[in-house]
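Content type mmCIF, C-alpha atoms and all ligand atoms, from the file entry30.cif:
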```
data_query
loop_
_atom_site.label_atom_id
_atom_site.label_comp_id
_atom_site.auth_asym_id
_atom_site.auth_seq_id
_atom_site.Cartn_x
_atom_site.Cartn_y
_atom_site.Cartn_z
CA VAL L 28 -54.28 20.23 -78.90
CA PHE L 29 -57.29 22.15 -77.63
CA GLY L 30 -56.99 25.08 -80.04
CA ARG L 31 -59.80 25.98 -82.49
CA LYS L 32 -57.75 24.76 -85.47
CA ALA L 33 -56.34 21.72 -83.74
CA PRO L 34 -57.27 18.27 -85.19
CA LEU L 35 -59.70 17.49 -82.41
CA ALA L 36 -61.71 20.69 -82.89
CA ARG L 37 -61.69 20.20 -86.64
CA ALA L 38 -62.87 16.58 -86.32
CA ARG L 39 -65.78 17.72 -84.12
CA ALA L 40 -66.67 20.44 -86.62
CA GLU L 41 -66.84 17.75 -89.35
CA LEU L 42 -69.24 15.59 -87.31
CA GLY L 43 -72.26 17.45 -88.70
CA ARG L 44 -71.57 16.28 -92.16
CA LEU L 45 -71.42 12.60 -91.30
CA PRO L 46 -74.35 10.23 -91.67
CA GLU L 47 -76.50 9.89 -88.58
CA ARG L 48 -75.32 6.44 -87.49
CA ASN L 49 -71.56 7.33 -87.60
CA ARG L 50 -72.07 10.73 -86.06
CA ARG L 51 -73.17 9.41 -82.70
CA GLU L 52 -70.35 6.93 -82.38
CA LEU L 53 -67.64 9.36 -83.50
CA GLY L 54 -69.07 12.09 -81.28
CA ARG L 55 -68.71 9.80 -78.30
CA VAL L 56 -65.09 8.98 -79.28
CA ALA L 57 -64.23 12.66 -79.70
CA THR L 58 -65.65 13.48 -76.25
CA GLU L 59 -63.71 10.57 -74.77
CA VAL L 60 -60.47 11.73 -76.43
CA GLN L 61 -61.01 15.26 -75.14
CA ARG L 62 -61.63 14.01 -71.60
CA GLU L 63 -58.52 11.86 -71.65
CA LEU L 64 -56.36 14.65 -72.95
CA THR L 65 -57.70 17.04 -70.32
CA GLU L 66 -56.93 14.54 -67.64
CA LEU L 67 -53.40 13.99 -68.93
CA LEU L 68 -52.84 17.70 -69.06
CA ASP L 69 -54.07 18.19 -65.49
CA GLU L 70 -51.89 15.37 -64.32
CA ARG L 71 -48.85 16.88 -65.97
CA ARG L 72 -49.64 20.28 -64.40
CA ARG L 73 -49.84 18.68 -60.98
CA ASP L 74 -46.52 16.84 -61.49
CA LEU L 75 -44.75 19.99 -62.61
CA ALA L 76 -46.15 22.00 -59.68
CA ALA L 77 -45.09 19.29 -57.24
CA ALA L 78 -41.59 19.14 -58.74
CA GLU L 79 -41.26 22.90 -58.48
CA ALA L 80 -42.41 22.91 -54.84
CA GLU L 81 -39.96 20.11 -54.09
CA GLN L 82 -37.14 22.13 -55.64
CA ARG L 83 -38.07 25.14 -53.60
CA TRP L 84 -38.14 23.16 -50.37
CA ARG L 85 -34.64 21.96 -51.15
CA ARG L 86 -33.39 25.42 -52.06
CA GLU L 87 -34.87 27.21 -49.08
CA ARG L 88 -34.38 24.53 -46.50
CA ALA L 89 -33.01 25.63 -43.08
CA ASP L 90 -31.26 22.93 -41.13
CA VAL L 91 -32.30 23.48 -37.55
CA THR L 92 -30.82 20.26 -36.26
CA LEU L 93 -27.30 21.74 -35.83
CA PRO L 94 -26.33 23.91 -32.83
CA GLY L 95 -26.47 27.64 -33.63
CA GLU L 96 -23.36 29.77 -33.88
CA PRO L 97 -22.99 31.27 -30.40
CA VAL L 98 -23.25 35.07 -30.45
CA PRO L 99 -21.16 36.61 -27.67
CA VAL L 100 -23.37 38.79 -25.49
CA GLY L 101 -21.91 41.80 -23.68
CA GLY L 102 -22.62 42.50 -20.04
CA LEU L 103 -22.54 45.35 -17.60
CA HIS L 104 -19.17 46.33 -16.20
CA PRO L 105 -18.64 45.23 -12.57
CA LEU L 106 -18.33 48.88 -11.49
CA THR L 107 -21.65 49.74 -13.14
CA ARG L 108 -23.24 46.75 -11.44
CA THR L 109 -21.78 47.84 -8.10
CA VAL L 110 -23.18 51.36 -8.50
CA TRP L 111 -26.61 49.98 -9.41
CA GLU L 112 -26.51 47.59 -6.48
CA ILE L 113 -25.67 50.39 -4.02
CA VAL L 114 -28.22 52.78 -5.52
CA ASP L 115 -30.79 50.01 -5.18
CA ILE L 116 -30.03 49.59 -1.47
CA PHE L 117 -30.65 53.30 -0.89
CA ILE L 118 -33.76 53.43 -3.03
CA GLY L 119 -35.01 50.67 -0.76
CA LEU L 120 -34.41 53.05 2.19
CA GLY L 121 -36.44 55.80 0.50
CA TYR L 122 -33.63 57.86 -1.05
CA ARG L 123 -33.72 59.54 -4.43
CA VAL L 124 -30.90 59.65 -6.94
CA ALA L 125 -29.37 63.04 -7.75
CA ASP L 126 -26.55 64.02 -10.05
CA GLY L 127 -24.51 67.02 -11.03
CA PRO L 128 -21.86 68.09 -13.53
CA GLU L 129 -18.39 66.54 -13.66
CA VAL L 130 -17.01 69.87 -14.87
CA GLU L 131 -17.87 71.92 -11.83
CA LEU L 132 -17.63 75.46 -10.55
CA THR L 133 -15.12 75.80 -7.72
CA ARG L 134 -17.93 77.68 -6.01
CA TYR L 135 -19.68 74.32 -5.49
CA ASN L 136 -16.65 72.06 -5.43
CA PHE L 137 -14.82 74.10 -2.76
CA ASP L 138 -16.37 77.37 -1.52
CA ALA L 139 -19.80 75.97 -0.68
CA LEU L 140 -18.11 72.98 0.94
CA ASN L 141 -16.27 75.20 3.41
CA THR L 142 -12.93 74.66 1.67
CA PRO L 143 -11.22 78.08 1.70
CA PRO L 144 -8.95 79.33 -1.13
CA GLU L 145 -5.78 78.47 0.80
CA HIS L 146 -6.81 74.85 1.38
CA PRO L 147 -4.20 72.45 -0.09
CA ALA L 148 -6.86 70.39 -1.92
CA ARG L 149 -7.42 73.42 -4.16
CA SER L 150 -3.86 73.49 -5.43
CA TYR L 151 -2.98 72.55 -9.00
CA ARG L 152 -1.13 69.59 -7.59
CA ASP L 153 -4.40 68.05 -6.40
CA THR L 154 -7.09 69.40 -8.68
CA TYR L 155 -7.53 69.57 -12.46
CA TYR L 156 -8.65 73.04 -13.51
CA VAL L 157 -10.20 73.87 -16.85
CA ALA L 158 -7.73 75.95 -18.83
CA GLY L 159 -8.61 79.59 -19.29
CA THR L 160 -11.09 79.78 -16.41
CA GLY L 161 -8.56 80.77 -13.75
CA ASP L 162 -9.57 78.88 -10.65
CA GLU L 163 -13.24 79.05 -11.43
CA VAL L 164 -13.93 75.75 -13.16
CA CYS L 165 -12.44 72.37 -12.29
CA LEU L 166 -13.13 68.68 -12.73
CA ARG L 167 -14.99 67.82 -9.54
CA THR L 168 -12.74 66.16 -6.99
CA GLU L 169 -15.61 64.43 -5.17
CA THR L 170 -19.36 63.98 -5.48
CA SER L 171 -19.97 66.31 -2.51
CA PRO L 172 -20.63 69.46 -4.62
CA VAL L 173 -23.89 67.80 -5.68
CA GLN L 174 -24.96 68.09 -2.02
CA MET L 175 -24.77 71.85 -2.42
CA ARG L 176 -26.58 71.95 -5.74
CA VAL L 177 -29.41 69.92 -4.24
CA LEU L 178 -29.54 71.87 -0.96
CA GLU L 179 -29.53 75.13 -2.89
CA SER L 180 -32.62 74.15 -4.85
CA HIS L 181 -34.51 71.92 -2.38
CA ALA L 182 -35.86 72.60 1.08
CA PRO L 183 -35.35 69.76 3.59
CA PRO L 184 -36.25 66.98 4.08
CA VAL L 185 -33.60 65.76 1.65
CA HIS L 186 -32.60 62.10 1.22
CA ILE L 187 -30.38 61.58 -1.81
CA VAL L 188 -27.67 59.33 -3.19
CA VAL L 189 -25.29 60.67 -5.79
CA PRO L 190 -23.27 58.28 -7.93
CA GLY L 191 -20.68 59.85 -10.20
CA ARG L 192 -17.20 60.12 -11.60
CA VAL L 193 -14.59 62.31 -9.93
CA TYR L 194 -11.07 63.45 -10.83
CA ARG L 195 -7.93 64.08 -8.82
CA ASN L 196 -4.43 64.95 -9.87
CA GLU L 197 -3.07 61.83 -8.28
CA ALA L 198 -0.21 59.41 -8.97
CA VAL L 199 -1.90 56.20 -10.13
CA ASP L 200 -1.07 53.00 -8.26
CA ALA L 201 -2.79 49.82 -7.04
CA THR L 202 -5.13 51.76 -4.73
CA HIS L 203 -5.26 55.18 -6.40
CA LEU L 204 -6.70 56.30 -9.71
CA ASN L 205 -6.83 59.82 -11.08
CA GLN L 206 -10.39 59.29 -12.27
CA PHE L 207 -12.63 57.11 -10.20
CA ALA L 208 -16.22 56.80 -9.08
CA GLN L 209 -17.83 57.72 -5.81
CA ILE L 210 -21.26 57.43 -4.35
CA GLU L 211 -22.41 60.03 -1.90
CA ALA L 212 -25.37 60.05 0.45
CA LEU L 213 -26.94 63.12 2.03
CA VAL L 214 -29.77 63.38 4.55
CA VAL L 215 -31.00 66.70 5.93
CA ASP L 216 -34.09 66.96 8.09
CA GLU L 217 -35.22 68.02 11.54
CA GLY L 218 -33.74 65.94 14.34
CA VAL L 219 -31.18 63.95 12.33
CA THR L 220 -28.42 62.68 14.64
CA MET L 221 -25.17 60.80 14.43
CA ALA L 222 -27.07 57.68 15.50
CA ASP L 223 -28.99 57.97 12.21
CA LEU L 224 -25.68 58.24 10.37
CA LYS L 225 -24.28 55.13 12.00
CA GLY L 226 -27.50 53.16 11.63
CA THR L 227 -27.72 54.02 7.95
CA ILE L 228 -24.14 53.03 7.26
CA GLU L 229 -24.73 49.78 9.14
CA ALA L 230 -27.80 49.08 7.04
CA PHE L 231 -25.73 49.70 3.94
CA THR L 232 -22.74 47.53 4.93
CA ALA L 233 -25.08 44.75 6.06
CA ALA L 234 -26.69 44.75 2.62
CA PHE L 235 -23.42 45.08 0.73
CA PHE L 236 -20.96 42.90 2.68
CA GLY L 237 -23.32 40.81 4.82
CA PRO L 238 -25.05 41.40 8.17
CA GLU L 239 -22.41 39.65 10.27
CA PHE L 240 -19.75 42.37 10.02
CA ALA L 241 -19.56 45.26 12.46
CA ILE L 242 -18.50 48.79 11.58
CA ARG L 243 -16.66 51.40 13.57
CA LEU L 244 -16.26 55.14 13.19
CA ARG L 245 -12.81 56.69 13.59
CA PRO L 246 -12.43 60.46 14.08
CA HIS L 247 -11.29 62.21 10.93
CA PHE L 248 -11.52 65.62 9.29
CA PHE L 249 -13.48 66.91 6.32
CA PRO L 250 -14.09 70.65 5.86
CA PHE L 251 -17.80 70.06 5.19
CA THR L 252 -18.73 67.80 8.11
CA GLU L 253 -18.46 68.31 11.84
CA PRO L 254 -17.81 65.95 13.48
CA SER L 255 -16.22 63.87 10.73
CA ALA L 256 -15.26 60.23 10.73
CA GLU L 257 -13.90 57.45 8.64
CA VAL L 258 -15.85 54.22 8.55
CA ASP L 259 -14.11 50.88 8.92
CA VAL L 260 -15.84 47.59 8.32
CA GLN L 261 -14.80 44.45 10.13
CA CYS L 262 -12.63 42.38 7.83
CA PHE L 263 -15.05 40.12 6.01
CA ARG L 264 -12.31 37.67 5.19
CA CYS L 265 -10.91 36.93 8.65
CA GLY L 266 -13.84 38.27 10.67
CA GLY L 267 -11.50 40.56 12.61
CA ALA L 268 -8.75 38.13 13.57
CA GLY L 269 -6.24 39.71 11.19
CA CYS L 270 -5.18 38.60 7.72
CA ARG L 271 -3.46 39.79 4.56
CA LEU L 272 -6.57 41.56 3.24
CA CYS L 273 -6.88 43.82 6.29
CA GLY L 274 -3.13 44.09 6.91
CA ASP L 275 -3.58 42.31 10.27
CA GLU L 276 -5.82 45.16 11.43
CA GLY L 277 -9.07 43.21 11.54
CA TRP L 278 -10.73 46.33 10.08
CA ILE L 279 -10.90 47.74 6.58
CA GLU L 280 -11.22 51.44 5.80
CA LEU L 281 -14.33 52.02 3.77
CA MET L 282 -15.47 55.63 3.48
CA GLY L 283 -15.65 59.14 4.86
CA CYS L 284 -18.67 60.55 6.66
CA GLY L 285 -19.89 63.09 9.14
CA MET L 286 -22.62 65.47 10.29
CA VAL L 287 -23.30 68.22 7.76
CA ASP L 288 -21.44 71.36 8.88
CA PRO L 289 -23.91 74.18 9.74
CA PHE L 290 -21.89 76.35 7.34
CA LEU L 291 -23.31 74.35 4.41
CA LEU L 292 -26.91 74.68 5.57
CA GLU L 293 -26.52 78.41 6.01
CA TRP L 294 -24.81 78.73 2.62
CA ALA L 295 -27.83 77.02 1.01
CA GLY L 296 -30.29 79.21 2.97
CA HIS L 297 -31.58 76.65 5.50
CA ASP L 298 -31.79 77.29 9.22
CA PRO L 299 -29.03 75.25 10.95
CA GLU L 300 -30.90 75.63 14.25
CA ARG L 301 -33.82 73.79 12.76
CA TYR L 302 -32.16 71.27 10.46
CA THR L 303 -29.30 68.85 10.89
CA GLY L 304 -27.96 66.24 8.53
CA PHE L 305 -25.39 63.62 7.74
CA ALA L 306 -23.43 62.66 4.65
CA PHE L 307 -20.98 60.04 3.53
CA GLY L 308 -18.93 59.27 0.46
CA LEU L 309 -17.63 55.93 -0.75
CA GLY L 310 -15.17 54.99 -3.49
CA ILE L 311 -16.79 52.53 -5.91
CA GLU L 312 -13.61 50.91 -7.23
CA ARG L 313 -12.24 50.35 -3.76
CA ALA L 314 -15.53 49.00 -2.42
CA CYS L 315 -15.90 46.66 -5.38
CA ALA L 316 -12.24 45.60 -5.14
CA LEU L 317 -12.50 44.95 -1.41
CA ARG L 318 -15.52 42.75 -1.69
CA ALA L 319 -14.09 40.75 -4.58
CA GLU L 320 -10.56 40.77 -3.09
CA VAL L 321 -9.05 42.42 -6.14
CA ASP L 322 -5.69 43.80 -5.09
CA ASP L 323 -5.16 46.31 -7.90
CA ILE L 324 -8.03 48.65 -8.80
CA ARG L 325 -6.44 49.49 -12.15
CA ALA L 326 -7.69 46.06 -13.25
CA PHE L 327 -11.21 47.51 -13.55
CA TYR L 328 -10.06 49.70 -16.41
CA ASP L 329 -7.81 47.24 -18.28
CA ASN L 330 -10.84 45.69 -19.96
CA ASP L 331 -9.40 42.21 -19.84
CA VAL L 332 -12.49 40.14 -20.60
CA ARG L 333 -11.22 37.24 -18.46
CA PHE L 334 -11.16 39.56 -15.44
CA LEU L 335 -14.57 41.07 -16.20
CA ARG L 336 -16.12 37.66 -16.81
CA ALA L 337 -15.14 36.59 -13.29
CA PHE L 338 -17.75 39.06 -12.02
CA GLY L 339 -20.44 37.42 -14.08
CA GLY L 340 -21.00 40.64 -15.95
CA VAL L 341 -20.22 39.05 -19.32
CA VAL L 342 -22.49 36.23 -20.38
C1 LIG C 1 -14.21 62.35 0.12
O1 LIG C 1 -14.09 62.40 -1.10
C2 LIG C 1 -15.40 62.95 0.81
N1 LIG C 1 -16.15 63.74 -0.13
C3 LIG C 1 -16.25 61.85 1.41
C4 LIG C 1 -17.30 62.42 2.31
C5 LIG C 1 -18.57 62.65 1.82
C6 LIG C 1 -17.03 62.72 3.65
C7 LIG C 1 -19.55 63.19 2.64
C8 LIG C 1 -17.98 63.25 4.47
C9 LIG C 1 -19.24 63.48 3.95
P1 LIG C 1 -12.09 60.91 0.47
O2 LIG C 1 -11.15 61.81 -0.20
O3 LIG C 1 -11.61 60.15 1.66
O4 LIG C 1 -13.38 61.67 0.94
O5 LIG C 1 -12.63 59.87 -0.59
C10 LIG C 1 -13.74 59.04 -0.33
C11 LIG C 1 -13.51 57.64 -0.88
O6 LIG C 1 -13.12 57.72 -2.25
C12 LIG C 1 -12.34 56.92 -0.22
O7 LIG C 1 -12.78 56.22 0.92
C13 LIG C 1 -11.91 55.96 -1.29
O8 LIG C 1 -12.73 54.81 -1.28
C14 LIG C 1 -12.19 56.70 -2.55
N2 LIG C 1 -10.96 57.30 -3.08
C15 LIG C 1 -10.30 58.41 -2.67
N3 LIG C 1 -9.24 58.66 -3.42
C16 LIG C 1 -9.20 57.70 -4.36
C17 LIG C 1 -8.32 57.41 -5.48
N4 LIG C 1 -7.31 58.18 -5.78
N5 LIG C 1 -8.60 56.33 -6.24
C18 LIG C 1 -9.68 55.54 -5.95
N6 LIG C 1 -10.51 55.76 -4.93
C19 LIG C 1 -10.30 56.82 -4.15
#
```
For the structure just supplied, provide its representation as structure tokens.
Amino acid sequence: VFGRKAPLARARAELGRLPERNRRELGRVATEVQRELTELLDERRRDLAAAEAEQRWRRERADVTLPGEPVPVGGLHPLTRTVWEIVDIFIGLGYRVADGPEVELTRYNFDALNTPPEHPARSYRDTYYVAGTGDEVCLRTETSPVQMRVLESHAPPVHIVVPGRVYRNEAVDATHLNQFAQIEALVVDEGVTMADLKGTIEAFTAAFFGPEFAIRLRPHFFPFTEPSAEVDVQCFRCGGAGCRLCGDEGWIELMGCGMVDPFLLEWAGHDPERYTGFAFGLGIERACALRAEVDDIRAFYDNDVRFLRAFGGVV
């Protein structure tokens, strides 16, 4: 329509040859026709563009009025949360976190911890050894060897907590696993006494179980502490009156502890006349099970989501 050879253009080209009086009139008509056509064309362009936009809106529309598909979110395992919670308590008391290898030299796992070669804990019936290393490399049986790695490389004062996995050649039942987690604490400084040990454990149990429960220390034996004790916490279910949870004892066994044996300090090159220390070690599964009244610690490793969800770890 608007091309150079289109009728409109040709008609305008002819205008010159018309007599004066017709030329004006026809020129006006031609301009009018051109204007109208242009307008129609623009209108049609606008309509087409609008229709295309409309189509695109329809095609690409997202309906946000419906509820979304819920995406299941994972959570931290209750044991992980327990470790973090305990570590947090000790960080609040000024401790640092230390760790060490799970595949450990018997030099650290036993010798440095005053556990002589004839000690029954070193037998194949109790300890997993790494094949081909003789009795030199084992899976650590407790987190205590990390005490020795830290003492060997750090001069006191030392205040550390050591969370970690340990292994024992044990028959698995409701209260025993052959791989489980412990958390260990070690303090070595000048003038550290058993009162510090008890006060620290009290601060921990108050934060973990609640401030209303007492603790007591019962004499015990560990090769690496002297004196040694086991810590009981007052049954937080019956308050000490006796119930099924505490086996009518009123007390629940919680962990092992003691004053660092001077042998360890000497082994690591620190003067036992100058420094003293305390240490304790707690089983994570048992502590977590106790607090939540879970009566079989194997449940923590079954990965039954219904069980895990009860701890609030799975959203
Ligand atoms: C020890 O392992 C010492 N290293 C603790 C210690 C550290 C004492 C520092 C003194 C100074 P024991 O063998 O009692 O001690 O274990 C400590 C805790 O680990 C126990 O109280 C228990 O909670 C947990 N535990 C022990 N054996 C098992 C097992 N087979 N399954 C699950 N938890 C266990």
field: Distance of atom O5 of ligand LIG 1 (chain C) from CA of Ala314 in chain L, expressed in Å to one decimal place
entry: 11.4 Å
query: Phe305 in chain L: which residues within 8 Å, counting all atoms listed in the file, same-chain residues fewer than 2 positions away excluded, as a list in words?
result: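 My reading of the contact set: Leu213, Val214, Val215, Val219, Thr220, Met221, Leu224, Thr252, Cys284, Gly285, Met286, Val287, Thr303 and Phe307 of chain L.
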As a PDB file with C-alpha atoms, in the coordinates of the input, please: every protein or nucleic acid residue near ligand LIG 1 (chain C) (cut-off 9 Å, counting only C-alpha atoms and all ligand atoms).
```pdb
ATOM      1  CA  THR L 168     -12.740  66.160  -6.990  1.00  0.00           C
ATOM      2  CA  GLU L 169     -15.610  64.430  -5.170  1.00  0.00           C
ATOM      3  CA  THR L 170     -19.360  63.980  -5.480  1.00  0.00           C
ATOM      4  CA  SER L 171     -19.970  66.310  -2.510  1.00  0.00           C
ATOM      5  CA  PRO L 172     -20.630  69.460  -4.620  1.00  0.00           C
ATOM      6  CA  GLN L 174     -24.960  68.090  -2.020  1.00  0.00           C
ATOM      7  CA  VAL L 193     -14.590  62.310  -9.930  1.00  0.00           C
ATOM      8  CA  TYR L 194     -11.070  63.450 -10.830  1.00  0.00           C
ATOM      9  CA  ARG L 195      -7.930  64.080  -8.820  1.00  0.00           C
ATOM     10  CA  ASN L 196      -4.430  64.950  -9.870  1.00  0.00           C
ATOM     11  CA  GLU L 197      -3.070  61.830  -8.280  1.00  0.00           C
ATOM     12  CA  ALA L 198      -0.210  59.410  -8.970  1.00  0.00           C
ATOM     13  CA  VAL L 199      -1.900  56.200 -10.130  1.00  0.00           C
ATOM     14  CA  ASP L 200      -1.070  53.000  -8.260  1.00  0.00           C
ATOM     15  CA  ALA L 201      -2.790  49.820  -7.040  1.00  0.00           C
ATOM     16  CA  THR L 202      -5.130  51.760  -4.730  1.00  0.00           C
ATOM     17  CA  HIS L 203      -5.260  55.180  -6.400  1.00  0.00           C
ATOM     18  CA  LEU L 204      -6.700  56.300  -9.710  1.00  0.00           C
ATOM     19  CA  ASN L 205      -6.830  59.820 -11.080  1.00  0.00           C
ATOM     20  CA  GLN L 206     -10.390  59.290 -12.270  1.00  0.00           C
ATOM     21  CA  PHE L 207     -12.630  57.110 -10.200  1.00  0.00           C
ATOM     22  CA  ALA L 208     -16.220  56.800  -9.080  1.00  0.00           C
ATOM     23  CA  GLN L 209     -17.830  57.720  -5.810  1.00  0.00           C
ATOM     24  CA  ILE L 210     -21.260  57.430  -4.350  1.00  0.00           C
ATOM     25  CA  GLU L 211     -22.410  60.030  -1.900  1.00  0.00           C
ATOM     26  CA  ALA L 212     -25.370  60.050   0.450  1.00  0.00           C
ATOM     27  CA  LEU L 213     -26.940  63.120   2.030  1.00  0.00           C
ATOM     28  CA  PHE L 248     -11.520  65.620   9.290  1.00  0.00           C
ATOM     29  CA  PHE L 249     -13.480  66.910   6.320  1.00  0.00           C
ATOM     30  CA  PRO L 250     -14.090  70.650   5.860  1.00  0.00           C
ATOM     31  CA  PHE L 251     -17.800  70.060   5.190  1.00  0.00           C
ATOM     32  CA  THR L 252     -18.730  67.800   8.110  1.00  0.00           C
ATOM     33  CA  GLU L 253     -18.460  68.310  11.840  1.00  0.00           C
ATOM     34  CA  SER L 255     -16.220  63.870  10.730  1.00  0.00           C
ATOM     35  CA  ALA L 256     -15.260  60.230  10.730  1.00  0.00           C
ATOM     36  CA  GLU L 257     -13.900  57.450   8.640  1.00  0.00           C
ATOM     37  CA  VAL L 258     -15.850  54.220   8.550  1.00  0.00           C
ATOM     38  CA  GLU L 280     -11.220  51.440   5.800  1.00  0.00           C
ATOM     39  CA  LEU L 281     -14.330  52.020   3.770  1.00  0.00           C
ATOM     40  CA  MET L 282     -15.470  55.630   3.480  1.00  0.00           C
ATOM     41  CA  GLY L 283     -15.650  59.140   4.860  1.00  0.00           C
ATOM     42  CA  CYS L 284     -18.670  60.550   6.660  1.00  0.00           C
ATOM     43  CA  GLY L 285     -19.890  63.090   9.140  1.00  0.00           C
ATOM     44  CA  MET L 286     -22.620  65.470  10.290  1.00  0.00           C
ATOM     45  CA  VAL L 287     -23.300  68.220   7.760  1.00  0.00           C
ATOM     46  CA  PHE L 305     -25.390  63.620   7.740  1.00  0.00           C
ATOM     47  CA  ALA L 306     -23.430  62.660   4.650  1.00  0.00           C
ATOM     48  CA  PHE L 307     -20.980  60.040   3.530  1.00  0.00           C
ATOM     49  CA  GLY L 308     -18.930  59.270   0.460  1.00  0.00           C
ATOM     50  CA  LEU L 309     -17.630  55.930  -0.750  1.00  0.00           C
ATOM     51  CA  GLY L 310     -15.170  54.990  -3.490  1.00  0.00           C
ATOM     52  CA  ILE L 311     -16.790  52.530  -5.910  1.00  0.00           C
ATOM     53  CA  GLU L 312     -13.610  50.910  -7.230  1.00  0.00           C
ATOM     54  CA  ARG L 313     -12.240  50.350  -3.760  1.00  0.00           C
ATOM     55  CA  ALA L 314     -15.530  49.000  -2.420  1.00  0.00           C
ATOM     56  CA  ILE L 324      -8.030  48.650  -8.800  1.00  0.00           C
TER      57      ILE L 324
END
```
query: Closest to Arg301 in chain L among L:Pro184, L:Asp329, L:Pro34, L:Pro97, using all atoms listed in the file?
result: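 Closest to Arg301 in chain L of all the choices is L:Pro184.
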- prompt: From the list L:Thr109, L:Asn141, L:His146, L:Ala89, which residue is nearest Pro289 in chain L when using all atoms listed in the file?
  reply: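 For Pro289 in chain L, the nearest of the candidates is L:Asn141.
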CA of Val188 in chain L to CA of Glu112 in chain L, straight-line distance in Å: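 Answer for the CA of Glu112 in chain L to CA of Val188 in chain L separation: 12.2 Å.
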- prompt: If you count all atoms listed in the file, which residues fall within 12 Å of Val260 in chain L, apart from same-chain ones fewer than 3 positions away, as a ChimeraX atom specification?
  reply: /L:225,228-229,231-233,235-245,257,263-267,273,276-282,314,317-318
- request: Find the residues near Leu178 in chain L: any atom within 9 Å, counting all atoms listed in the file, skip ones fewer than 2 places away on the same chain, and give them as a VMD selection string.
  value: chain L and resid 173 to 176 180 to 183 185 215 291 to 292 295 to 297
query: Separation of CA of Ala40 in chain L and CA of Ala57 in chain L, in Å?
result: 10.7 Å
Residue list as a PyMOL selection string for point (-64.6, 9.4, -85.9), cut-off 12 Å, only C-alpha atoms: chain L and resi 34-35+37-46+48-60
Mind writing the picked residues with C-alpha atoms as a short mmCIF file (atom, residue, chain, number, x, y, z; two decimals), in the frame of the given file?
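Produced file result-v3.cif, reproduced below:
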```cif
data_model
loop_
_atom_site.label_atom_id
_atom_site.label_comp_id
_atom_site.auth_asym_id
_atom_site.auth_seq_id
_atom_site.Cartn_x
_atom_site.Cartn_y
_atom_site.Cartn_z
CA PRO L 34 -57.27 18.27 -85.19
CA LEU L 35 -59.70 17.49 -82.41
CA ARG L 37 -61.69 20.20 -86.64
CA ALA L 38 -62.87 16.58 -86.32
CA ARG L 39 -65.78 17.72 -84.12
CA ALA L 40 -66.67 20.44 -86.62
CA GLU L 41 -66.84 17.75 -89.35
CA LEU L 42 -69.24 15.59 -87.31
CA GLY L 43 -72.26 17.45 -88.70
CA ARG L 44 -71.57 16.28 -92.16
CA LEU L 45 -71.42 12.60 -91.30
CA PRO L 46 -74.35 10.23 -91.67
CA ARG L 48 -75.32 6.44 -87.49
CA ASN L 49 -71.56 7.33 -87.60
CA ARG L 50 -72.07 10.73 -86.06
CA ARG L 51 -73.17 9.41 -82.70
CA GLU L 52 -70.35 6.93 -82.38
CA LEU L 53 -67.64 9.36 -83.50
CA GLY L 54 -69.07 12.09 -81.28
CA ARG L 55 -68.71 9.80 -78.30
CA VAL L 56 -65.09 8.98 -79.28
CA ALA L 57 -64.23 12.66 -79.70
CA THR L 58 -65.65 13.48 -76.25
CA GLU L 59 -63.71 10.57 -74.77
CA VAL L 60 -60.47 11.73 -76.43
#
```
query: When distances are computed from all atoms listed in the file, which of L:Ile118, L:Ala337, L:Leu64, L:Val332 shows the smallest separation from Pro99 in chain L?
result: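 Among the listed residues, L:Val332 lies closest to Pro99 in chain L.
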field: Nearest to Tyr156 in chain L by atom-to-atom distance, counting all atoms listed in the file, from L:Val124, L:Leu132, L:Ala139, L:Ala78
entry: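 Closest residue, counting all atoms listed in the file: L:Leu132.
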Can you rebuild range 309-314 of chain L with N, CA, C and O atoms and give it as a PDB file, keeping the file's coordinate frame?
```pdb
ATOM      1  N   LEU L 309     -18.299  57.239  -0.641  1.00  0.00           N
ATOM      2  CA  LEU L 309     -17.630  55.930  -0.750  1.00  0.00           C
ATOM      3  C   LEU L 309     -16.997  55.822  -2.131  1.00  0.00           C
ATOM      4  O   LEU L 309     -17.576  56.277  -3.119  1.00  0.00           O
ATOM      5  N   GLY L 310     -15.812  55.223  -2.199  1.00  0.00           N
ATOM      6  CA  GLY L 310     -15.170  54.990  -3.490  1.00  0.00           C
ATOM      7  C   GLY L 310     -15.658  53.672  -4.084  1.00  0.00           C
ATOM      8  O   GLY L 310     -15.567  52.625  -3.437  1.00  0.00           O
ATOM      9  N   ILE L 311     -16.198  53.727  -5.303  1.00  0.00           N
ATOM     10  CA  ILE L 311     -16.790  52.530  -5.910  1.00  0.00           C
ATOM     11  C   ILE L 311     -15.733  51.473  -6.233  1.00  0.00           C
ATOM     12  O   ILE L 311     -15.901  50.291  -5.914  1.00  0.00           O
ATOM     13  N   GLU L 312     -14.629  51.898  -6.854  1.00  0.00           N
ATOM     14  CA  GLU L 312     -13.610  50.910  -7.230  1.00  0.00           C
ATOM     15  C   GLU L 312     -13.072  50.189  -6.008  1.00  0.00           C
ATOM     16  O   GLU L 312     -12.909  48.974  -6.009  1.00  0.00           O
ATOM     17  N   ARG L 313     -12.797  50.976  -4.957  1.00  0.00           N
ATOM     18  CA  ARG L 313     -12.240  50.350  -3.760  1.00  0.00           C
ATOM     19  C   ARG L 313     -13.248  49.425  -3.091  1.00  0.00           C
ATOM     20  O   ARG L 313     -12.891  48.334  -2.637  1.00  0.00           O
ATOM     21  N   ALA L 314     -14.511  49.842  -3.049  1.00  0.00           N
ATOM     22  CA  ALA L 314     -15.530  49.000  -2.420  1.00  0.00           C
ATOM     23  C   ALA L 314     -15.702  47.692  -3.194  1.00  0.00           C
ATOM     24  O   ALA L 314     -15.758  46.606  -2.622  1.00  0.00           O
TER      25      ALA L 314
END
```
